[in-house]
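Report on one structure; see the data block that follows.
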Amino acid sequence: MRAAVIRFPGSNCDQDCHFVLREFGFDTDFLWHKETSAAGYDLIVLPGGFSYGDYLRCGAIARFSPVMKSIVEQASKGVLVLGICNGFQILCESGLLPGALIRNRDLHFICEHVSLRVENVANPFLSASRIGRVLRVPIAHGEGNFTADAETLRALNAEGRVLVRYCDEAGRVTPEANPNGAAENIAGICNAQRNVFGLMPHPERACDGALLSTDGRAIFESLVATLGKSRAA
Amino acid sequence: MKAKVIVMPKLSILDPQGVAVREAMRHHGLPGVKSVRVGKMLEVEVDGADEAKLHEICRDLLSNPVVEDYELVLEN
């Protein structure tokens, strides 16, 4: 299993992603955003951070980085693409995922553990989990308020493309459990082909017992199961 | 050529910054303020006048059509 972690100027979760992917048995490379090819990987991860200082809009400039053209091409061939936090913002800006991430409802940068309800497991990213399972995973963002027009939201729901929603600890999807004002508590979505997944929470920060929660492992375990050559510890 | 690009959140999109500024203005003694929306303005100086290209860049880079509208104002 080969994975690439893309590094943009301002990425800051690249090391964490690299560490976790290696723990799960991925032969993992860092790929600088100026590379023109992201070919040859089973999984491409766009990590969190503040690419280009979040200037203009989060992800707006990163989406035009040279490597993105190749990532769009690889995604169209079915290669798995995972965008975390700023990576999710870049995926939305690039058009690989619909909608946009705007300023949190209460304007604050939020850094805390939240609960996520697994909404769909018929995808490569959560296949080892089960519907209704509650995952404790941290968020750390100022612009994670997912917004899309009514038609897009209908399609996302109808096609089972909302993979995780913010919920309370009992798994109830309530307005109170919504940290940032995201439409319908949406925390992460996938594309129609189900090989591109973006989410605001940081599963890579919830993979080690020293970090309060290991629930983020569900995503990496699913990826390993999907890609079929489990070497995970 | 000089141009101004004004980027505003779409009317259908809740603008959390605008709401916060509206509340602050009310606290500053203007209870009648009904609505505030916060956008951004870019001043651009460019050699040549490729208006079509400018519009393309406004649409693809300077604004996000999912949540924002832009206005391109060409000067001289």
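In the structure tokens, chains take letters A, B, ... by order of appearance, with residues numbered from 1 within each chain and ligands from 1 in the order shown.
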Compile a residue-level contact table for chain A against chain B at a cut-off of 9 Å, reporting for every qualifying residue the shortest atom pair and its distance in Å to one decimal, with only C-alpha atoms counted, rows ordered by chain and ascending number, as JSON lines.
```
{"residue": "A:Leu56", "atom": "CA", "partner": "B:Leu62", "partner_atom": "CA", "distance": 7.0}
{"residue": "A:Arg57", "atom": "CA", "partner": "B:Ser63", "partner_atom": "CA", "distance": 8.3}
{"residue": "A:Ala60", "atom": "CA", "partner": "B:Leu61", "partner_atom": "CA", "distance": 6.6}
{"residue": "A:Ile61", "atom": "CA", "partner": "B:Leu61", "partner_atom": "CA", "distance": 7.4}
{"residue": "A:Phe64", "atom": "CA", "partner": "B:Leu61", "partner_atom": "CA", "distance": 8.8}
{"residue": "A:Glu93", "atom": "CA", "partner": "B:Asn64", "partner_atom": "CA", "distance": 7.4}
{"residue": "A:Pro98", "atom": "CA", "partner": "B:Val66", "partner_atom": "CA", "distance": 8.6}
{"residue": "A:Gly99", "atom": "CA", "partner": "B:Val66", "partner_atom": "CA", "distance": 6.4}
{"residue": "A:Ala100", "atom": "CA", "partner": "B:Val66", "partner_atom": "CA", "distance": 6.5}
{"residue": "A:Ile102", "atom": "CA", "partner": "B:Val67", "partner_atom": "CA", "distance": 8.2}
{"residue": "A:Arg103", "atom": "CA", "partner": "B:Pro16", "partner_atom": "CA", "distance": 6.6}
{"residue": "A:Asn104", "atom": "CA", "partner": "B:Pro16", "partner_atom": "CA", "distance": 7.1}
{"residue": "A:Arg105", "atom": "CA", "partner": "B:Pro16", "partner_atom": "CA", "distance": 5.4}
{"residue": "A:Asp106", "atom": "CA", "partner": "B:Pro16", "partner_atom": "CA", "distance": 6.8}
{"residue": "A:Leu107", "atom": "CA", "partner": "B:Pro16", "partner_atom": "CA", "distance": 6.6}
{"residue": "A:Thr147", "atom": "CA", "partner": "B:Val67", "partner_atom": "CA", "distance": 7.8}
{"residue": "A:Ala148", "atom": "CA", "partner": "B:Val66", "partner_atom": "CA", "distance": 7.2}
{"residue": "A:Asp149", "atom": "CA", "partner": "B:Val66", "partner_atom": "CA", "distance": 8.0}
```
Would you mind exporting the chosen residues as an mmCIF file, in the first residue's frame, restricted to N, CA and C atoms?
```
data_model
loop_
_atom_site.group_PDB
_atom_site.id
_atom_site.type_symbol
_atom_site.label_atom_id
_atom_site.label_comp_id
_atom_site.auth_asym_id
_atom_site.auth_seq_id
_atom_site.Cartn_x
_atom_site.Cartn_y
_atom_site.Cartn_z
ATOM 1 N N LEU A 56 -6.971 34.851 0.967
ATOM 2 C CA LEU A 56 -8.100 34.909 0.024
ATOM 3 C C LEU A 56 -9.275 34.100 0.565
ATOM 4 N N ARG A 57 -9.184 32.789 0.563
ATOM 5 C CA ARG A 57 -10.123 31.893 1.253
ATOM 6 C C ARG A 57 -9.328 30.627 1.566
ATOM 7 N N ALA A 60 -8.119 28.278 -1.303
ATOM 8 C CA ALA A 60 -8.378 28.897 -2.607
ATOM 9 C C ALA A 60 -7.134 28.933 -3.490
ATOM 10 N N ILE A 61 -5.986 29.129 -2.875
ATOM 11 C CA ILE A 61 -4.755 29.226 -3.673
ATOM 12 C C ILE A 61 -4.132 27.836 -3.831
ATOM 13 N N PHE A 64 -4.792 25.554 -6.830
ATOM 14 C CA PHE A 64 -4.103 25.797 -8.103
ATOM 15 C C PHE A 64 -2.640 25.371 -8.052
ATOM 16 N N GLU A 93 -12.766 23.587 -2.703
ATOM 17 C CA GLU A 93 -12.358 24.659 -3.618
ATOM 18 C C GLU A 93 -12.026 24.101 -5.000
ATOM 19 N N PRO A 98 -18.478 18.837 -3.395
ATOM 20 C CA PRO A 98 -19.377 19.982 -3.514
ATOM 21 C C PRO A 98 -19.420 20.812 -2.224
ATOM 22 N N GLY A 99 -19.989 22.006 -2.324
ATOM 23 C CA GLY A 99 -20.179 22.848 -1.146
ATOM 24 C C GLY A 99 -18.957 23.680 -0.831
ATOM 25 N N ALA A 100 -18.999 24.321 0.332
ATOM 26 C CA ALA A 100 -17.905 25.189 0.754
ATOM 27 C C ALA A 100 -17.863 25.207 2.273
ATOM 28 N N ILE A 102 -17.340 27.692 5.286
ATOM 29 C CA ILE A 102 -17.255 29.113 5.619
ATOM 30 C C ILE A 102 -16.972 29.275 7.112
ATOM 31 N N ARG A 103 -16.846 30.535 7.524
ATOM 32 C CA ARG A 103 -16.502 30.875 8.898
ATOM 33 C C ARG A 103 -17.453 30.197 9.890
ATOM 34 N N ASN A 104 -16.890 29.696 10.985
ATOM 35 C CA ASN A 104 -17.724 29.084 12.022
ATOM 36 C C ASN A 104 -18.823 30.050 12.454
ATOM 37 N N ARG A 105 -19.972 29.479 12.772
ATOM 38 C CA ARG A 105 -21.143 30.278 13.166
ATOM 39 C C ARG A 105 -20.786 31.306 14.235
ATOM 40 N N ASP A 106 -19.987 30.900 15.236
ATOM 41 C CA ASP A 106 -19.684 31.818 16.328
ATOM 42 C C ASP A 106 -18.333 32.517 16.147
ATOM 43 N N LEU A 107 -17.770 32.414 14.973
ATOM 44 C CA LEU A 107 -16.536 33.106 14.573
ATOM 45 C C LEU A 107 -15.261 32.599 15.241
ATOM 46 N N THR A 147 -21.381 24.450 3.994
ATOM 47 C CA THR A 147 -22.509 25.117 3.363
ATOM 48 C C THR A 147 -22.673 24.598 1.949
ATOM 49 N N ALA A 148 -23.905 24.330 1.583
ATOM 50 C CA ALA A 148 -24.184 23.938 0.197
ATOM 51 C C ALA A 148 -25.631 24.301 -0.089
ATOM 52 N N ASP A 149 -25.968 24.423 -1.379
ATOM 53 C CA ASP A 149 -27.355 24.779 -1.687
ATOM 54 C C ASP A 149 -28.266 23.577 -1.435
#
```
All helix (DSSP H, G or I) residues (DSSP, backbone) inside stretch 78-230 of chain A, as a ChimeraX atom specification: /A:86-94,150-158,175-177,183-185,203-205,209-211,217-227
Tell me which protein, DNA and RNA residues are within 12 Å of B:Lys34, counting only C-alpha atoms, leaving out same-chain ones fewer than 4 positions away, and put them as a PDB file with C-alpha atoms, in the first residue's frame.
```
ATOM      1  CA  GLY B  18     -21.840  40.254   9.325  1.00  0.00           C
ATOM      2  CA  VAL B  19     -24.064  39.072  12.179  1.00  0.00           C
ATOM      3  CA  VAL B  21     -20.567  43.145  13.353  1.00  0.00           C
ATOM      4  CA  ARG B  22     -24.295  43.951  13.400  1.00  0.00           C
ATOM      5  CA  GLU B  23     -24.483  42.988  17.067  1.00  0.00           C
ATOM      6  CA  ALA B  24     -21.398  45.072  17.864  1.00  0.00           C
ATOM      7  CA  MET B  25     -22.925  48.079  16.105  1.00  0.00           C
ATOM      8  CA  ARG B  26     -26.094  47.682  18.163  1.00  0.00           C
ATOM      9  CA  LEU B  30     -27.208  51.995  16.942  1.00  0.00           C
TER      10      LEU B  30
END
```
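Distance check against A:Asp215 using only C-alpha atoms: of A:Leu31, A:Val134, A:Cys58, A:Ala122, the minimum falls on A:Val134.
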Interatomic distance, atom CA of A:Ala4 to atom CA of A:Gly142 (Å, one decimal): 25.9 Å
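In this comparison, which uses only C-alpha atoms, the residue of A:Leu212, A:Met1, A:Leu80, A:Val114 approaching A:Cys190 most closely is A:Leu80.
Using only C-alpha atoms, the smallest distance between any of A:Gly198, A:Gly132, A:Gly144, A:Pro124 and A:Pro179 comes from A:Gly144.
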Every residue of stretch 23-232 of chain A that DSSP places in strand (DSSP E or B), as an MDAnalysis selection string: chainID A and resid 27:32 43:46 49 80:84 100:102 110:118 134:141 145:147 162:167 186:190 196:199
Contact residues around A:Gly160 with only C-alpha atoms at 12 Å, ignoring same-chain residues under 5 positions, as number ranges by chain: A: 118-123, 131, 153-155, 188-194
Export N, CA and C atoms of the chosen residues as an mmCIF file, in the first residue's frame?
```cif
data_model
loop_
_atom_site.group_PDB
_atom_site.id
_atom_site.type_symbol
_atom_site.label_atom_id
_atom_site.label_comp_id
_atom_site.auth_asym_id
_atom_site.auth_seq_id
_atom_site.Cartn_x
_atom_site.Cartn_y
_atom_site.Cartn_z
ATOM 1 N N VAL A 118 -21.257 7.931 12.660
ATOM 2 C CA VAL A 118 -20.994 7.309 11.357
ATOM 3 C C VAL A 118 -22.334 7.130 10.647
ATOM 4 N N GLU A 119 -22.455 7.729 9.476
ATOM 5 C CA GLU A 119 -23.733 7.746 8.768
ATOM 6 C C GLU A 119 -23.798 6.749 7.620
ATOM 7 N N ASN A 120 -22.623 6.322 7.162
ATOM 8 C CA ASN A 120 -22.595 5.459 5.990
ATOM 9 C C ASN A 120 -21.306 4.654 6.025
ATOM 10 N N VAL A 121 -21.404 3.358 5.733
ATOM 11 C CA VAL A 121 -20.187 2.536 5.738
ATOM 12 C C VAL A 121 -19.935 1.889 4.368
ATOM 13 N N ALA A 122 -20.785 2.224 3.403
ATOM 14 C CA ALA A 122 -20.610 1.676 2.050
ATOM 15 C C ALA A 122 -19.627 2.555 1.280
ATOM 16 N N ASN A 123 -18.428 2.656 1.832
ATOM 17 C CA ASN A 123 -17.385 3.477 1.218
ATOM 18 C C ASN A 123 -16.054 2.981 1.758
ATOM 19 N N ILE A 131 -22.772 1.767 10.998
ATOM 20 C CA ILE A 131 -23.657 2.933 11.043
ATOM 21 C C ILE A 131 -24.119 3.166 12.473
ATOM 22 N N LEU A 153 -27.487 19.463 -0.967
ATOM 23 C CA LEU A 153 -27.739 18.746 0.288
ATOM 24 C C LEU A 153 -28.670 17.561 0.051
ATOM 25 N N ARG A 154 -29.683 17.775 -0.782
ATOM 26 C CA ARG A 154 -30.602 16.675 -1.103
ATOM 27 C C ARG A 154 -29.856 15.514 -1.737
ATOM 28 N N ALA A 155 -28.996 15.848 -2.699
ATOM 29 C CA ALA A 155 -28.234 14.801 -3.395
ATOM 30 C C ALA A 155 -27.307 14.075 -2.430
ATOM 31 N N GLY A 188 -18.411 15.521 7.344
ATOM 32 C CA GLY A 188 -17.601 14.974 6.258
ATOM 33 C C GLY A 188 -18.470 14.360 5.168
ATOM 34 N N ILE A 189 -18.035 14.508 3.938
ATOM 35 C CA ILE A 189 -18.797 14.010 2.781
ATOM 36 C C ILE A 189 -17.847 13.329 1.790
ATOM 37 N N CYS A 190 -18.440 12.518 0.912
ATOM 38 C CA CYS A 190 -17.628 11.931 -0.162
ATOM 39 C C CYS A 190 -18.235 12.310 -1.516
ATOM 40 N N ASN A 191 -17.485 12.031 -2.565
ATOM 41 C CA ASN A 191 -17.964 12.337 -3.919
ATOM 42 C C ASN A 191 -18.900 11.217 -4.386
ATOM 43 N N ALA A 192 -19.479 11.389 -5.554
ATOM 44 C CA ALA A 192 -20.449 10.406 -6.057
ATOM 45 C C ALA A 192 -19.787 9.057 -6.298
ATOM 46 N N GLN A 193 -18.508 9.060 -6.679
ATOM 47 C CA GLN A 193 -17.791 7.804 -6.950
ATOM 48 C C GLN A 193 -17.318 7.143 -5.651
ATOM 49 N N ARG A 194 -17.413 7.858 -4.547
ATOM 50 C CA ARG A 194 -17.103 7.365 -3.204
ATOM 51 C C ARG A 194 -15.609 7.103 -2.982
#
```
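Atom CA of A:Leu156 lies 13.8 Å from atom CA of A:Cys92.
Interatomic distance, atom CA of A:Thr174 against atom CA of A:Leu116: 11.5 Å.
Distances to A:Gly87 were evaluated for A:Glu159, A:Asp54, A:Glu35, A:Glu184 using only C-alpha atoms, and the minimum falls at A:Asp54.
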